[in-house]
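protein.cif (mmCIF, C-alpha atoms)
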data_target
#
loop_
_atom_site.label_atom_id
_atom_site.label_comp_id
_atom_site.auth_asym_id
_atom_site.auth_seq_id
_atom_site.Cartn_x
_atom_site.Cartn_y
_atom_site.Cartn_z
CA MET Z 1 -12.63 2.15 -22.26
CA LYS Z 2 -10.34 3.37 -19.46
CA LYS Z 3 -6.65 3.45 -20.30
CA ILE Z 4 -4.39 2.44 -17.42
CA SER Z 5 -0.75 2.89 -16.45
CA LEU Z 6 0.50 0.40 -13.86
CA LEU Z 7 3.49 0.83 -11.57
CA GLY Z 8 4.69 -2.48 -10.10
CA ALA Z 9 3.16 -4.83 -12.67
CA THR Z 10 4.91 -7.99 -11.43
CA GLY Z 11 4.08 -7.54 -7.75
CA SER Z 12 1.06 -8.98 -5.93
CA ILE Z 13 -1.24 -5.98 -6.52
CA GLY Z 14 0.09 -5.54 -10.05
CA ILE Z 15 -0.67 -9.15 -11.00
CA GLN Z 16 -4.20 -8.88 -9.59
CA THR Z 17 -4.72 -5.60 -11.45
CA LEU Z 18 -3.76 -7.37 -14.67
CA ASP Z 19 -6.27 -10.09 -13.81
CA ILE Z 20 -9.02 -7.47 -13.63
CA ILE Z 21 -7.97 -5.88 -16.94
CA ARG Z 22 -7.86 -9.33 -18.51
CA GLY Z 23 -11.37 -10.10 -17.25
CA HIS Z 24 -12.85 -6.82 -18.50
CA LYS Z 25 -11.19 -6.19 -21.84
CA GLU Z 26 -14.17 -4.16 -22.97
CA SER Z 27 -13.66 -1.70 -20.09
CA PHE Z 28 -9.88 -1.43 -19.53
CA GLN Z 29 -6.71 -1.20 -21.60
CA LEU Z 30 -3.18 -1.38 -20.21
CA VAL Z 31 -1.14 1.26 -22.04
CA ALA Z 32 1.97 1.56 -19.85
CA LEU Z 33 3.67 -0.39 -17.06
CA SER Z 34 6.75 -0.50 -14.87
CA ALA Z 35 8.41 -3.52 -13.28
CA GLY Z 36 11.65 -4.43 -11.55
CA ARG Z 37 13.92 -7.35 -12.39
CA ASN Z 38 11.38 -10.12 -13.04
CA ILE Z 39 12.00 -9.96 -16.79
CA GLU Z 40 10.44 -13.33 -17.64
CA GLN Z 41 7.18 -12.11 -16.13
CA VAL Z 42 7.53 -8.78 -17.96
CA ARG Z 43 7.92 -10.64 -21.28
CA LYS Z 44 4.66 -12.52 -20.69
CA ILE Z 45 2.80 -9.35 -19.73
CA VAL Z 46 4.10 -7.37 -22.71
CA ALA Z 47 3.29 -10.20 -25.12
CA GLU Z 48 -0.28 -10.47 -23.80
CA PHE Z 49 -1.24 -6.82 -23.26
CA ARG Z 50 0.98 -5.05 -25.83
CA PRO Z 51 1.32 -1.76 -23.90
CA ASP Z 52 2.75 1.33 -25.61
CA LEU Z 53 5.39 1.99 -22.97
CA VAL Z 54 7.34 -0.22 -20.54
CA SER Z 55 9.96 0.55 -17.89
CA VAL Z 56 12.22 -1.93 -16.09
CA GLN Z 57 14.87 -1.45 -13.48
CA GLU Z 58 18.09 -2.37 -15.29
CA LYS Z 59 19.46 -0.82 -18.49
CA SER Z 60 20.63 -4.19 -19.84
CA ASP Z 61 17.12 -5.66 -19.47
CA CYS Z 62 15.68 -2.58 -21.14
CA GLU Z 63 17.93 -2.99 -24.17
CA ARG Z 64 17.19 -6.70 -24.43
CA LEU Z 65 13.43 -6.16 -24.34
CA ARG Z 66 13.64 -3.29 -26.81
CA ALA Z 67 15.20 -5.68 -29.32
CA GLU Z 68 12.57 -8.34 -28.65
CA PHE Z 69 9.52 -6.07 -28.92
CA PRO Z 70 9.97 -3.53 -31.72
CA GLY Z 71 7.26 -0.89 -31.77
CA ILE Z 72 7.06 -0.68 -27.95
CA THR Z 73 8.92 2.10 -26.14
CA PHE Z 74 11.18 0.94 -23.31
CA TYR Z 75 12.77 2.90 -20.45
CA HIS Z 76 14.71 1.94 -17.33
CA GLY Z 77 15.38 3.21 -13.83
CA ALA Z 78 13.76 6.11 -11.97
CA LYS Z 79 13.20 8.11 -15.16
CA GLY Z 80 11.37 5.18 -16.67
CA ILE Z 81 8.97 4.91 -13.74
CA GLU Z 82 8.15 8.61 -14.08
CA GLU Z 83 7.58 8.22 -17.84
CA VAL Z 84 5.03 5.49 -17.12
CA ALA Z 85 3.40 7.61 -14.41
CA VAL Z 86 2.82 10.60 -16.69
CA TYR Z 87 2.13 8.77 -19.98
CA ASP Z 88 -0.30 11.04 -21.80
CA GLN Z 89 -2.54 8.25 -23.16
CA ALA Z 90 -3.39 6.97 -19.67
CA GLU Z 91 -6.28 8.28 -17.59
CA ILE Z 92 -5.62 6.27 -14.41
CA LEU Z 93 -2.34 5.47 -12.71
CA VAL Z 94 -2.37 2.39 -10.49
CA ASN Z 95 0.53 2.84 -8.08
CA ALA Z 96 1.32 -0.68 -6.89
CA VAL Z 97 5.07 -0.34 -6.36
CA LEU Z 98 6.56 -1.26 -3.02
CA GLY Z 99 8.07 1.35 -0.73
CA SER Z 100 8.90 5.05 -0.89
CA VAL Z 101 10.10 4.72 -4.51
CA GLY Z 102 6.46 5.40 -5.41
CA LEU Z 103 6.50 8.96 -4.06
CA SER Z 104 8.14 10.89 -6.90
CA PRO Z 105 6.15 9.27 -9.75
CA THR Z 106 2.92 9.83 -7.82
CA LEU Z 107 3.66 13.54 -7.49
CA LYS Z 108 4.54 13.71 -11.20
CA ALA Z 109 1.29 11.94 -12.14
CA ILE Z 110 -0.75 14.30 -9.96
CA GLN Z 111 0.85 17.28 -11.68
CA ALA Z 112 -0.06 15.66 -15.01
CA GLY Z 113 -3.71 15.42 -13.91
CA LYS Z 114 -3.93 11.62 -13.68
CA THR Z 115 -6.47 9.93 -11.44
CA ILE Z 116 -4.47 7.94 -8.88
CA ALA Z 117 -5.51 4.47 -7.70
CA ILE Z 118 -3.09 4.19 -4.80
CA ALA Z 119 -1.92 0.90 -3.34
CA ASN Z 120 1.49 2.31 -2.38
CA LYS Z 121 0.78 3.37 1.20
CA GLU Z 122 4.39 4.43 1.79
CA THR Z 123 3.82 7.43 -0.50
CA LEU Z 124 1.25 8.90 1.88
CA VAL Z 125 3.12 7.81 4.99
CA THR Z 126 6.35 9.44 3.82
CA ALA Z 127 4.93 12.65 2.39
CA GLY Z 128 1.19 12.81 2.96
CA HIS Z 129 1.13 16.60 3.25
CA LEU Z 130 2.86 17.00 -0.13
CA VAL Z 131 0.73 14.40 -1.93
CA MET Z 132 -2.63 15.57 -0.62
CA GLY Z 133 -1.68 19.22 -1.14
CA ALA Z 134 -0.72 18.52 -4.75
CA ALA Z 135 -3.90 16.48 -5.33
CA LYS Z 136 -6.07 19.32 -4.02
CA GLN Z 137 -4.20 21.93 -6.04
CA ASN Z 138 -4.54 19.92 -9.27
CA ASN Z 139 -8.08 18.67 -8.52
CA VAL Z 140 -6.91 15.05 -8.81
CA PRO Z 141 -8.80 12.22 -7.05
CA LEU Z 142 -6.86 9.67 -4.99
CA LEU Z 143 -8.80 6.41 -4.98
CA PRO Z 144 -7.73 3.92 -2.29
CA VAL Z 145 -6.82 0.36 -3.26
CA ASP Z 146 -5.96 -1.06 0.17
CA SER Z 147 -8.93 -3.13 1.33
CA GLU Z 148 -9.24 -1.15 4.58
CA HIS Z 149 -9.24 2.27 2.94
CA SER Z 150 -11.49 1.10 0.13
CA ALA Z 151 -13.93 -0.12 2.80
CA ILE Z 152 -13.91 3.29 4.50
CA PHE Z 153 -14.22 5.05 1.14
CA GLN Z 154 -17.25 2.92 0.26
CA ALA Z 155 -18.83 3.44 3.68
CA LEU Z 156 -18.50 7.21 3.27
CA GLN Z 157 -20.36 7.41 -0.05
CA GLY Z 158 -23.25 9.85 0.42
CA GLU Z 159 -22.04 10.82 3.91
CA GLN Z 160 -20.65 14.08 5.28
CA SER Z 161 -17.25 14.08 7.00
CA LYS Z 162 -18.54 16.36 9.76
CA ASN Z 163 -20.68 13.46 11.00
CA ILE Z 164 -17.79 11.00 11.43
CA GLU Z 165 -17.16 9.88 15.00
CA GLN Z 166 -14.28 7.53 14.18
CA LEU Z 167 -12.72 5.33 11.54
CA ILE Z 168 -12.29 1.72 12.68
CA LEU Z 169 -9.61 -0.24 10.80
CA THR Z 170 -9.75 -4.00 11.18
CA ALA Z 171 -6.58 -6.09 11.48
CA SER Z 172 -6.21 -9.83 10.97
CA GLY Z 173 -3.24 -9.98 13.35
CA GLY Z 174 -0.95 -11.58 10.77
CA SER Z 175 1.01 -14.80 10.90
CA PHE Z 176 1.72 -14.73 14.65
CA ARG Z 177 -1.52 -13.31 16.02
CA ASP Z 178 -2.02 -16.23 18.42
CA ARG Z 179 1.55 -16.18 19.79
CA LYS Z 180 2.85 -14.27 22.78
CA ARG Z 181 5.87 -12.01 22.40
CA GLU Z 182 8.18 -14.49 24.13
CA GLU Z 183 7.21 -17.09 21.50
CA LEU Z 184 8.48 -14.88 18.63
CA LYS Z 185 12.17 -14.94 19.50
CA ASP Z 186 13.18 -17.66 17.06
CA VAL Z 187 10.45 -17.56 14.39
CA THR Z 188 11.65 -18.11 10.83
CA VAL Z 189 11.09 -16.12 7.66
CA LYS Z 190 9.04 -19.01 6.29
CA GLU Z 191 6.74 -18.92 9.31
CA ALA Z 192 6.38 -15.14 9.09
CA LEU Z 193 5.37 -15.37 5.42
CA ASN Z 194 2.52 -17.78 6.17
CA HIS Z 195 -0.40 -15.33 6.39
CA PRO Z 196 -3.66 -17.00 7.52
CA ASN Z 197 -6.05 -14.96 5.31
CA TRP Z 198 -4.39 -12.99 2.51
CA SER Z 199 -2.03 -13.79 -0.35
CA MET Z 200 0.41 -10.86 -0.49
CA GLY Z 201 4.02 -10.03 -1.28
CA ALA Z 202 6.83 -10.82 1.15
CA LYS Z 203 7.37 -7.32 2.55
CA ILE Z 204 3.71 -6.60 3.25
CA THR Z 205 3.24 -10.05 4.79
CA ILE Z 206 6.05 -9.36 7.26
CA ASP Z 207 4.53 -5.94 7.95
CA SER Z 208 1.26 -7.69 8.72
CA ALA Z 209 3.02 -9.99 11.19
CA THR Z 210 4.61 -7.05 13.04
CA MET Z 211 1.41 -4.98 12.66
CA MET Z 212 3.45 -2.24 10.99
CA ASN Z 213 1.22 -2.64 7.95
CA LYS Z 214 -1.74 -1.55 10.04
CA GLY Z 215 0.29 1.30 11.47
CA LEU Z 216 1.10 2.55 7.98
CA GLU Z 217 -2.59 2.23 7.12
CA VAL Z 218 -3.50 4.41 10.12
CA ILE Z 219 -1.25 7.19 8.80
CA GLU Z 220 -2.60 6.67 5.29
CA ALA Z 221 -6.20 6.92 6.57
CA HIS Z 222 -5.33 10.16 8.36
CA TRP Z 223 -4.28 11.74 5.06
CA LEU Z 224 -6.84 10.17 2.72
CA PHE Z 225 -9.85 11.11 4.84
CA SER Z 226 -8.53 14.21 6.71
CA ILE Z 227 -9.28 12.58 10.06
CA PRO Z 228 -7.22 13.27 13.22
CA TYR Z 229 -5.45 10.33 14.84
CA GLU Z 230 -7.71 10.61 17.87
CA LYS Z 231 -10.59 9.51 15.65
CA ILE Z 232 -8.83 6.47 14.18
CA SER Z 233 -8.84 3.12 15.99
CA VAL Z 234 -7.82 -0.46 15.21
CA VAL Z 235 -9.64 -3.63 16.21
CA LEU Z 236 -8.41 -7.23 15.85
CA HIS Z 237 -10.69 -9.20 13.53
CA LYS Z 238 -9.24 -12.60 12.65
CA GLU Z 239 -11.58 -13.55 9.81
CA SER Z 240 -10.87 -10.47 7.63
CA ILE Z 241 -14.52 -10.38 6.57
CA ILE Z 242 -15.26 -6.83 7.74
CA HIS Z 243 -12.57 -4.82 6.01
CA SER Z 244 -13.14 -1.63 8.03
CA MET Z 245 -15.91 0.50 9.50
CA VAL Z 246 -17.02 4.08 9.98
CA GLU Z 247 -18.84 5.14 13.14
CA PHE Z 248 -20.95 8.30 12.95
CA HIS Z 249 -21.84 10.61 15.80
CA ASP Z 250 -25.43 9.28 15.89
CA THR Z 251 -23.87 5.89 16.94
CA SER Z 252 -24.55 4.28 13.54
CA ILE Z 253 -21.71 2.13 12.16
CA ILE Z 254 -21.37 1.31 8.47
CA ALA Z 255 -19.10 -1.62 7.59
CA GLN Z 256 -17.96 -3.04 4.24
CA LEU Z 257 -17.85 -6.84 4.14
CA GLY Z 258 -16.55 -9.43 1.72
CA THR Z 259 -14.31 -12.45 1.35
CA PRO Z 260 -10.56 -11.65 1.43
CA ASP Z 261 -9.88 -10.79 -2.23
CA MET Z 262 -7.75 -7.79 -3.21
CA ARG Z 263 -9.24 -7.79 -6.69
CA VAL Z 264 -12.45 -6.31 -5.26
CA PRO Z 265 -10.96 -3.01 -3.97
CA ILE Z 266 -8.65 -2.78 -7.00
CA GLN Z 267 -11.60 -3.13 -9.36
CA TYR Z 268 -13.69 -0.63 -7.39
CA ALA Z 269 -10.92 1.96 -7.68
CA LEU Z 270 -10.81 1.38 -11.46
CA THR Z 271 -14.59 1.53 -11.94
CA TYR Z 272 -15.56 4.21 -9.40
CA PRO Z 273 -18.24 5.52 -9.16
CA ASP Z 274 -19.60 2.51 -11.07
CA ARG Z 275 -19.16 -1.20 -10.36
CA LEU Z 276 -18.55 -4.19 -12.62
CA PRO Z 277 -19.29 -7.89 -12.00
CA HIS Z 278 -16.51 -9.97 -10.45
CA PRO Z 279 -17.27 -13.49 -11.76
CA ALA Z 280 -14.03 -14.97 -10.39
CA GLY Z 281 -14.76 -13.74 -6.86
CA LYS Z 282 -16.08 -15.89 -4.05
CA ARG Z 283 -19.38 -14.60 -2.66
CA LEU Z 284 -19.72 -14.08 1.08
CA SER Z 285 -22.11 -16.30 3.02
CA LEU Z 286 -22.45 -15.13 6.61
CA ALA Z 287 -24.59 -18.18 7.36
CA GLN Z 288 -21.71 -20.48 6.42
CA ILE Z 289 -19.20 -18.45 8.43
CA GLY Z 290 -21.49 -18.43 11.45
CA LYS Z 291 -19.43 -16.19 13.72
CA LEU Z 292 -17.15 -13.17 13.47
CA HIS Z 293 -14.65 -12.41 16.21
CA PHE Z 294 -13.27 -9.08 17.46
CA SER Z 295 -10.92 -8.08 20.25
CA GLU Z 296 -9.13 -5.01 21.55
CA MET Z 297 -5.74 -4.23 20.10
CA ASP Z 298 -2.80 -4.94 22.42
CA TYR Z 299 -0.28 -2.15 21.79
CA ASP Z 300 2.33 -3.79 24.02
CA ARG Z 301 2.11 -7.00 22.00
CA PHE Z 302 2.12 -5.17 18.66
CA ARG Z 303 4.58 -2.37 19.35
CA CYS Z 304 4.99 -1.33 15.71
CA LEU Z 305 1.38 -0.17 15.66
CA LYS Z 306 2.09 2.11 18.63
CA PHE Z 307 5.21 3.44 16.87
CA ALA Z 308 3.04 4.39 13.90
CA PHE Z 309 0.45 6.24 15.95
CA ASP Z 310 3.22 8.12 17.79
CA ALA Z 311 5.08 8.97 14.56
CA GLY Z 312 1.87 10.11 12.89
CA ARG Z 313 1.00 12.41 15.75
CA ALA Z 314 4.56 13.80 15.82
CA GLY Z 315 4.28 14.55 12.09
CA GLY Z 316 7.00 16.24 10.05
CA THR Z 317 9.77 13.80 9.13
CA MET Z 318 8.94 11.25 11.83
CA PRO Z 319 6.66 9.11 9.59
CA THR Z 320 9.39 9.17 6.93
CA VAL Z 321 11.82 7.74 9.48
CA LEU Z 322 9.25 5.15 10.58
CA ASN Z 323 8.74 3.93 7.03
CA ALA Z 324 12.39 3.95 5.95
CA ALA Z 325 13.53 2.19 9.14
CA ASN Z 326 10.86 -0.44 8.69
CA GLU Z 327 11.74 -1.07 5.03
CA ALA Z 328 15.41 -1.47 5.90
CA ALA Z 329 14.73 -3.71 8.91
CA VAL Z 330 12.25 -5.95 7.08
CA SER Z 331 14.73 -6.33 4.21
CA ALA Z 332 17.39 -7.40 6.69
CA PHE Z 333 15.02 -9.94 8.28
CA LEU Z 334 14.07 -11.41 4.89
CA ASP Z 335 17.82 -11.70 4.13
CA GLY Z 336 18.39 -13.58 7.39
CA LYS Z 337 20.55 -10.84 8.95
CA ILE Z 338 18.36 -10.12 11.98
CA SER Z 339 15.69 -11.89 14.02
CA PHE Z 340 11.98 -11.10 13.81
CA LEU Z 341 11.84 -9.13 17.07
CA GLN Z 342 14.87 -7.09 16.03
CA ILE Z 343 12.72 -5.43 13.37
CA GLU Z 344 10.85 -3.41 15.95
CA GLU Z 345 13.96 -2.91 18.09
CA LEU Z 346 15.80 -1.26 15.20
CA ILE Z 347 12.80 0.90 14.30
CA GLU Z 348 12.45 2.11 17.89
CA ARG Z 349 16.16 2.98 18.18
CA VAL Z 350 16.16 5.02 14.99
CA LEU Z 351 12.92 6.82 15.91
CA ASP Z 352 14.33 7.72 19.32
CA GLN Z 353 17.45 9.20 17.71
CA HIS Z 354 15.61 11.38 15.20
CA GLN Z 355 14.97 15.09 15.69
CA THR Z 356 11.73 15.89 13.86
CA ILE Z 357 11.80 18.41 11.02
CA GLY Z 358 8.42 20.07 10.58
CA ASN Z 359 6.68 20.48 7.19
CA PRO Z 360 9.56 18.99 5.14
CA ASP Z 361 9.88 19.52 1.40
CA LEU Z 362 10.54 16.66 -1.02
CA GLU Z 363 14.32 17.09 -0.93
CA THR Z 364 14.35 16.94 2.88
CA ILE Z 365 12.14 13.86 2.90
CA GLN Z 366 14.41 12.05 0.45
CA ALA Z 367 17.51 12.98 2.47
CA VAL Z 368 15.96 11.82 5.75
CA ASP Z 369 14.81 8.60 4.08
CA ALA Z 370 18.32 7.83 2.84
CA GLU Z 371 19.97 8.73 6.15
CA THR Z 372 17.51 6.56 8.09
CA ARG Z 373 18.32 3.51 5.98
CA LYS Z 374 22.05 4.07 6.58
CA SER Z 375 21.40 4.32 10.31
CA VAL Z 376 19.53 1.01 10.38
CA PHE Z 377 22.23 -0.83 8.44
CA SER Z 378 24.94 0.65 10.66
CA LEU Z 379 23.09 -0.66 13.72
CA ILE Z 380 22.88 -4.10 12.13
#

Let me see whether you can do it: turn the structure in this file into structure tokens.
Amino acid sequence: MKKISLLGATGSIGIQTLDIIRGHKESFQLVALSAGRNIEQVRKIVAEFRPDLVSVQEKSDCERLRAEFPGITFYHGAKGIEEVAVYDQAEILVNAVLGSVGLSPTLKAIQAGKTIAIANKETLVTAGHLVMGAAKQNNVPLLPVDSEHSAIFQALQGEQSKNIEQLILTASGGSFRDRKREELKDVTVKEALNHPNWSMGAKITIDSATMMNKGLEVIEAHWLFSIPYEKISVVLHKESIIHSMVEFHDTSIIAQLGTPDMRVPIQYALTYPDRLPHPAGKRLSLAQIGKLHFSEMDYDRFRCLKFAFDAGRAGGTMPTVLNAANEAAVSAFLDGKISFLQIEELIERVLDQHQTIGNPDLETIQAVDAETRKSVFSLI
């Protein structure tokens, strides 16, 4: 029985993690969770799973839930998230929160010796050097939950990193993959949220449409697998059947395939190095699919992906700026304050204005993150 703490229980990854725990009650137990403001959903989760510890965003919600569920410990705010992250009864922390808010609790959990199943890519993008350094120092494994990084992780089992020629991340292309740039001027939020392959949260679906999601994954892959950016590439693969590949210097390529289902990489992170059945999953039939399609990535069409490669190579605080600017711009787009193409325009302007600070500490990263968000909103 593995005891699990879950950050972001009411989000897309969080809900699918709960589905896995529910389907394998003999193997997993949810002992702590954090959530935001979706209190009705929190009530249902707490009533079903009866965790020891729960954190929500608002103090008033915390007090209300505390009265409703005597015997369960409730927290709120940033302190509450950290309490969930370091809860001593949990062995594994699933970090499924959205954005850079996941950084501090991840570092706390690493210091507490927790195994980290990481779905919060912004943590590694914003402070990869701090997170990986802390993980190495505390001998803590970071198990990837993103389908692309899980695919690479699986392909590397039994292999030596010295033999890697390149990591090949596949990209679906998102909601507007078949449109030219001039056709994106007046697209709506509803159109942007209509992903052809995956069911995801709003922010990550917009990131997929701009290709920033893939850019963040490139930076994440750099840190997770200690691979230079020159050995990371992206290929457009519309079907999302091959989730990513590893090419070795003997020209062999190992790929991980499957139907688009985030529960598969989540479950693998929870069961590693073992596997459990996934009865609810749809099995892949290549004969039924018939064909798989691939094409070169167009970095002029998907400019956010180029921004990410450039920011990653620049290092220091530049990836922090990339991530914070993107979060602020995507939020503004979802709120109807800017157009779709203005997302990348705002990111580019803020990146161009920033003077990189090398090897930043946590305090510097947090300050740059906050200042970047202010800059984006001032431009809006």

Name the residues captured by the PyMOL selection byres ((chain Z and resi 121-124) around 9) when it is applied to the shown file; answer as number ranges by chain.
Z: 98-104, 106, 118-120, 125-132, 146, 216-217, 219-220, 223-224, 320, 323

Assuming the chain letters and numbering stay as they are in my file, what does the PyMOL selection byres ((chain Z and resi 277) around 12) actually select? List them as a PyMOL selection string.
chain Z and resi 20+23-24+27+263-264+267-268+271+274-276+278-283

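If only C-alpha atoms are the atoms counted, then among Z:Ser285, Z:Thr364, Z:Gln355, Z:Thr372 the closest residue to Val321 of chain Z is Z:Thr372.
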
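Distance-wise, atom CA of Lys231 of chain Z and atom CA of Leu167 of chain Z end up 6.2 Å apart.
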
Can you translate the PyMOL selection byres ((chain Z and resi 340) around 12) into the concrete residues it hits in this file, as an MDAnalysis selection string?
chainID Z and resid 175:176 181:193 206:207 209:210 326 329:339 341:346

List the spatial neighbours of Arg64 of chain Z as a PyMOL selection string - criterion: any atom at most 12 Å away, only C-alpha atoms, same-chain residues fewer than 3 positions off excluded.
chain Z and resi 39-40+42-43+56+58-61+67-70+74-76

Give me the residues near segment 301-310 of chain Z as a ChimeraX atom specification, where near means some atom within 9 Å (using all atoms listed in the file) and where sequence neighbours in that chain fewer than 4 positions away do not count.
/Z:173,180-181,209-216,218-219,229,297,314-315,318-319,322-323,344,347-348,351

Same residues, C-alpha atoms, saved as a PDB file, in the coordinates of the input:
ATOM      1  CA  GLY Z 173      -3.240  -9.980  13.350  1.00  0.00           C
ATOM      2  CA  LYS Z 180       2.850 -14.270  22.780  1.00  0.00           C
ATOM      3  CA  ARG Z 181       5.870 -12.010  22.400  1.00  0.00           C
ATOM      4  CA  ALA Z 209       3.020  -9.990  11.190  1.00  0.00           C
ATOM      5  CA  THR Z 210       4.610  -7.050  13.040  1.00  0.00           C
ATOM      6  CA  MET Z 211       1.410  -4.980  12.660  1.00  0.00           C
ATOM      7  CA  MET Z 212       3.450  -2.240  10.990  1.00  0.00           C
ATOM      8  CA  ASN Z 213       1.220  -2.640   7.950  1.00  0.00           C
ATOM      9  CA  LYS Z 214      -1.740  -1.550  10.040  1.00  0.00           C
ATOM     10  CA  GLY Z 215       0.290   1.300  11.470  1.00  0.00           C
ATOM     11  CA  LEU Z 216       1.100   2.550   7.980  1.00  0.00           C
ATOM     12  CA  VAL Z 218      -3.500   4.410  10.120  1.00  0.00           C
ATOM     13  CA  ILE Z 219      -1.250   7.190   8.800  1.00  0.00           C
ATOM     14  CA  TYR Z 229      -5.450  10.330  14.840  1.00  0.00           C
ATOM     15  CA  MET Z 297      -5.740  -4.230  20.100  1.00  0.00           C
ATOM     16  CA  ALA Z 314       4.560  13.800  15.820  1.00  0.00           C
ATOM     17  CA  GLY Z 315       4.280  14.550  12.090  1.00  0.00           C
ATOM     18  CA  MET Z 318       8.940  11.250  11.830  1.00  0.00           C
ATOM     19  CA  PRO Z 319       6.660   9.110   9.590  1.00  0.00           C
ATOM     20  CA  LEU Z 322       9.250   5.150  10.580  1.00  0.00           C
ATOM     21  CA  ASN Z 323       8.740   3.930   7.030  1.00  0.00           C
ATOM     22  CA  GLU Z 344      10.850  -3.410  15.950  1.00  0.00           C
ATOM     23  CA  ILE Z 347      12.800   0.900  14.300  1.00  0.00           C
ATOM     24  CA  GLU Z 348      12.450   2.110  17.890  1.00  0.00           C
ATOM     25  CA  LEU Z 351      12.920   6.820  15.910  1.00  0.00           C
TER      26      LEU Z 351
END

Quick one: residues within 8 Å of Thr73 of chain Z, all atoms listed in the file, excluding same-chain residues fewer than 5 positions away - as an MDAnalysis selection string?
chainID Z and resid 52:54 66

Could those residues be written to a file, using C-alpha atoms, as a PDB file, in the coordinates of the input?
ATOM      1  CA  ASP Z  52       2.750   1.330 -25.610  1.00  0.00           C
ATOM      2  CA  LEU Z  53       5.390   1.990 -22.970  1.00  0.00           C
ATOM      3  CA  VAL Z  54       7.340  -0.220 -20.540  1.00  0.00           C
ATOM      4  CA  ARG Z  66      13.640  -3.290 -26.810  1.00  0.00           C
TER       5      ARG Z  66
END

Closest of Z:Ile164, Z:Leu7, Z:Leu142, Z:Ala328 to Val86 of chain Z - atom-to-atom distances counting all atoms listed in the file:
Z:Leu7
